[in-house]
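**Q** My questions will all concern the structure given below.
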Number of protein chains: 2
Amino acid sequence: MRIKTLADATGVEVDTIRYYEKQGLLPEPARQDNGYRDYASTHLERLAFIRHCRALEMPLVDIRTLLGALDAPGEPHPDVDRLVQEQIDKVRVRLQSMRALEKQLLLLQASCGGCSDQGTDCGILKELVAAAHGEACVCHSHASI
Amino acid sequence: MRIKTLADATGVEVDTIRYYEKQGLLPEPARQDNGYRDYASTHLERLAFIRHCRALEMPLVDIRTLLGALDAPGEPHPDVDRLVQEQIDKVRVRLQSMRALEKQLLLLQASCGGCSDQGTDCGILKELVAAAHGEACVCHSHASI
DNA sequence: GAAAACCCTGGAGTCGCTCCAGAGTCAAGT
DNA sequence: ACTTGACTCTGGAGCGACTCCAGGGTTTTC
């Protein structure tokens, strides 16, 4: 299977596949006589696994760990559970801050009564300036962005 | 006010302040005799504004537009309202996908009965492999990560 | 007067891709 | 047989928003 075929089968871009190989996530495939990469079905499976983990927003370094665990099925891999838990924690923190964000943006929007066209003094801008001065806002309740 | 003072006052790192200057978001301050940057209170306000917008996850390029609108208070700025709306849309899409993500990760976690220590065959890994094979999962309901 | 803390510049590194140039290869149509 | 277009290769640069570093100068503090 050539790289484009693999790309189409997994929905991963050609460049990205080569990138994963360079990063050691995808083993180097065999080469055809012309030097083209020749992938086997194991590559397809592994790439689908990587893709799935990326959909869960795991960083590549964590995925490498998971792949290592997969490659050593007989051995204990205490990291797997921890990685998933950490990922859950990350997502939750992010969810919290996104919810606050949405609220803040809606408030911001409400402060502008459709001033966009004529508007010399947009409420949104005023609001942003005022908020920057220290009134209740997302950035003060959440230090880390 | 020297750069560290400004950094402490706003919670923005020194490097980041210099970066904002290089990006044209923060005007070049005066210099002391020794070449040190000498900030005025206008810089503090502007930096707080930038910080607030960043807390709303606006990209720097959008913040530049908002700052431009602030700098031209007499003129109409039809972009402001649109930028906020776009930001809201972005946050909502992201919220949706984060919620699905959390659910998926929790399912994943439940599939492992605390196998981390002894575990030769972790349920999480099995689950990930199975999911990669195309069963219901986040990455199939949400094409873009 | 020495050590610590601060300041400067320019450039590199981070993450996870994405795009590009420049060259080679292959398949389909004329 | 020839041309066109799609595909492949490599190595390297670019993105966003920082963050860190080297190698130097200055100021403050003990």
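By convention here, the chains of the structure tokens are called A, B, ... in the order presented, each chain's residues are numbered starting at 1, and ligands are numbered starting at 1 in the order presented.
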If you run DSSP on this backbone, which residues of region 4-134 of chain A come out as strand (DSSP E or B), and could you give them as number ranges by chain?
**A** A: 30-31, 37-38
**Q** Please check the contacts: residues of chain D at most 12 Å away from chain A, using only C-alpha atoms (C1' of nucleotides), listed as a PDB file with C-alpha atoms (C1' of nucleotides), in the first residue's frame.
**A**
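Written out: selection29.pdb:
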```pdb
ATOM      1  C1'  DA D   6      -1.149  12.633 -10.257  1.00  0.00           C
ATOM      2  C1'  DC D   7       1.736  10.683  -7.276  1.00  0.00           C
ATOM      3  C1'  DT D   8       6.314  10.075  -4.661  1.00  0.00           C
ATOM      4  C1'  DC D   9      10.790  11.407  -2.558  1.00  0.00           C
ATOM      5  C1'  DT D  10      13.971  14.506   0.525  1.00  0.00           C
ATOM      6  C1'  DA D  17       2.251  32.259  20.968  1.00  0.00           C
TER       7       DA D  17
END
```
**Q** Give me, as JSON, numbers by chain, the residues of region 39-118 of chain B that a backbone DSSP run labels helix (DSSP H, G or I).
**A** {"B": [41, 42, 43, 44, 45, 46, 47, 48, 49, 50, 51, 52, 53, 54, 55, 60, 61, 62, 63, 64, 65, 66, 67, 68, 69, 70, 71, 79, 80, 81, 82, 83, 84, 85, 86, 87, 88, 89, 90, 91, 92, 93, 94, 95, 96, 97, 98, 99, 100, 101, 102, 103, 104, 105, 106, 107, 108, 109, 110]}
**Q** Would you put the residues from that selection into a file with C-alpha atoms, as a short mmCIF file (atom, residue, chain, number, x, y, z; two decimals), in the first residue's frame?
**A**
```cif
data_model
loop_
_atom_site.label_atom_id
_atom_site.label_comp_id
_atom_site.auth_asym_id
_atom_site.auth_seq_id
_atom_site.Cartn_x
_atom_site.Cartn_y
_atom_site.Cartn_z
CA SER B 41 0.86 53.71 32.67
CA THR B 42 -0.59 53.66 29.15
CA HIS B 43 1.49 50.59 28.52
CA LEU B 44 0.13 48.96 31.61
CA GLU B 45 -3.44 49.59 30.48
CA ARG B 46 -2.79 48.36 27.00
CA LEU B 47 -1.07 45.24 28.27
CA ALA B 48 -3.96 44.52 30.63
CA PHE B 49 -6.30 44.87 27.67
CA ILE B 50 -4.24 42.44 25.62
CA ARG B 51 -4.12 40.03 28.51
CA HIS B 52 -7.85 40.16 28.94
CA CYS B 53 -8.41 39.43 25.27
CA ARG B 54 -5.94 36.57 25.44
CA ALA B 55 -7.87 35.19 28.40
CA LEU B 60 -3.09 38.12 18.55
CA VAL B 61 -4.11 39.16 15.08
CA ASP B 62 -7.66 39.83 16.28
CA ILE B 63 -6.40 41.70 19.30
CA ARG B 64 -4.40 43.88 16.96
CA THR B 65 -7.65 44.75 15.19
CA LEU B 66 -9.35 45.61 18.48
CA LEU B 67 -6.41 47.77 19.51
CA GLY B 68 -6.63 49.53 16.17
CA ALA B 69 -10.31 50.25 16.88
CA LEU B 70 -9.38 51.59 20.30
CA ASP B 71 -6.77 53.83 18.73
CA ASP B 79 -14.99 44.28 12.82
CA VAL B 80 -15.38 44.36 16.57
CA ASP B 81 -18.82 42.81 16.76
CA ARG B 82 -17.91 40.18 14.19
CA LEU B 83 -14.72 39.20 15.99
CA VAL B 84 -16.60 38.62 19.22
CA GLN B 85 -19.26 36.57 17.45
CA GLU B 86 -16.63 34.45 15.74
CA GLN B 87 -14.92 33.92 19.04
CA ILE B 88 -18.17 32.74 20.59
CA ASP B 89 -18.70 30.33 17.73
CA LYS B 90 -15.20 28.95 18.10
CA VAL B 91 -15.61 28.45 21.82
CA ARG B 92 -18.93 26.66 21.34
CA VAL B 93 -17.57 24.22 18.80
CA ARG B 94 -14.67 23.53 21.10
CA LEU B 95 -16.98 23.03 24.08
CA GLN B 96 -19.00 20.46 22.17
CA SER B 97 -15.96 18.47 21.26
CA MET B 98 -14.49 18.71 24.76
CA ARG B 99 -17.67 17.31 26.26
CA ALA B 100 -17.57 14.36 23.88
CA LEU B 101 -13.92 13.95 24.75
CA GLU B 102 -14.54 13.77 28.46
CA LYS B 103 -17.23 11.16 27.97
CA GLN B 104 -14.97 9.08 25.79
CA LEU B 105 -12.09 9.22 28.24
CA LEU B 106 -14.33 8.23 31.14
CA LEU B 107 -15.59 5.24 29.21
CA LEU B 108 -12.02 4.34 28.49
CA GLN B 109 -11.11 4.58 32.13
CA ALA B 110 -14.05 2.46 33.20
#
```
**Q** Please find the residues of chain C near chain B - the criterion being any atom within 12 Å, counting only C-alpha atoms (C1' of nucleotides) - and write them as a PyMOL selection string.
**A** chain C and resi 5-9+16
**Q** I'd like to know which of D:DG5, D:DT26, D:DT19, D:DG11 is closest to Asp33 (chain B), using only C-alpha atoms (C1' of nucleotides).
**A**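 Smallest distance to Asp33 (chain B) is found for D:DT26.
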**Q** How far is it from CA of Glu28 (chain A) to CA of Gly11 (chain A), in Å with one decimal?
**A** 19.3 Å
**Q** For each of C:DT25, C:DA2, C:DT30, C:DC17, take the minimum atom-to-atom distance to Val12 (chain A), counting only C-alpha atoms (C1' of nucleotides), then give the residue where this is smallest.
**A** C:DC17
**Q** Find the residues near DA12 (chain C): any atom within 12 Å, counting only C-alpha atoms (C1' of nucleotides), skip ones fewer than 3 places away on the same chain, and give them as a PDB file with N, CA and C atoms (P, O5', C5', C4', C3', O3' and C1' of nucleotides), in the first residue's frame.
**A**
```pdb
ATOM      1  P    DT D  19       4.634  31.411  27.962  1.00  0.00           P
ATOM      2  O5'  DT D  19       6.130  30.878  27.766  1.00  0.00           O
ATOM      3  C5'  DT D  19       6.358  29.510  27.540  1.00  0.00           C
ATOM      4  C4'  DT D  19       7.839  29.284  27.313  1.00  0.00           C
ATOM      5  C3'  DT D  19       8.749  29.816  28.424  1.00  0.00           C
ATOM      6  O3'  DT D  19       9.381  28.687  28.992  1.00  0.00           O
ATOM      7  C1'  DT D  19       9.616  30.277  26.259  1.00  0.00           C
ATOM      8  P    DC D  20      10.301  28.772  30.243  1.00  0.00           P
ATOM      9  O5'  DC D  20      11.751  28.618  29.585  1.00  0.00           O
ATOM     10  C5'  DC D  20      11.944  27.657  28.561  1.00  0.00           C
ATOM     11  C4'  DC D  20      13.305  27.866  27.916  1.00  0.00           C
ATOM     12  C3'  DC D  20      14.375  28.347  28.886  1.00  0.00           C
ATOM     13  O3'  DC D  20      15.516  27.530  28.696  1.00  0.00           O
ATOM     14  C1'  DC D  20      14.344  29.712  26.963  1.00  0.00           C
ATOM     15  P    DC D  21      16.665  27.486  29.762  1.00  0.00           P
ATOM     16  O5'  DC D  21      17.916  27.883  28.872  1.00  0.00           O
ATOM     17  C5'  DC D  21      18.014  27.399  27.537  1.00  0.00           C
ATOM     18  C4'  DC D  21      18.989  28.254  26.765  1.00  0.00           C
ATOM     19  C3'  DC D  21      20.115  28.819  27.624  1.00  0.00           C
ATOM     20  O3'  DC D  21      21.361  28.366  27.117  1.00  0.00           O
ATOM     21  C1'  DC D  21      19.170  30.488  26.204  1.00  0.00           C
ATOM     22  P    DA D  22      22.651  28.541  28.021  1.00  0.00           P
ATOM     23  O5'  DA D  22      23.589  29.352  27.022  1.00  0.00           O
ATOM     24  C5'  DA D  22      23.390  29.227  25.612  1.00  0.00           C
ATOM     25  C4'  DA D  22      24.174  30.324  24.910  1.00  0.00           C
ATOM     26  C3'  DA D  22      25.407  30.799  25.656  1.00  0.00           C
ATOM     27  O3'  DA D  22      26.367  31.194  24.695  1.00  0.00           O
ATOM     28  C1'  DA D  22      23.884  32.586  25.469  1.00  0.00           C
TER      29       DA D  22
END
```
**Q** Please indicate the distance in Å from C1' of DT28 (chain D) to CA of Thr5 (chain B), rounded to one decimal place.
**A**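 Interatomic distance here is 14.9 Å.
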**Q** So the first atom is CA of Tyr39 (chain B) and the second is CA of Pro27 (chain B); what is the distance between them in Å, to one decimal place?
**A**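 Computing it gives 9.7 Å between the two atoms.
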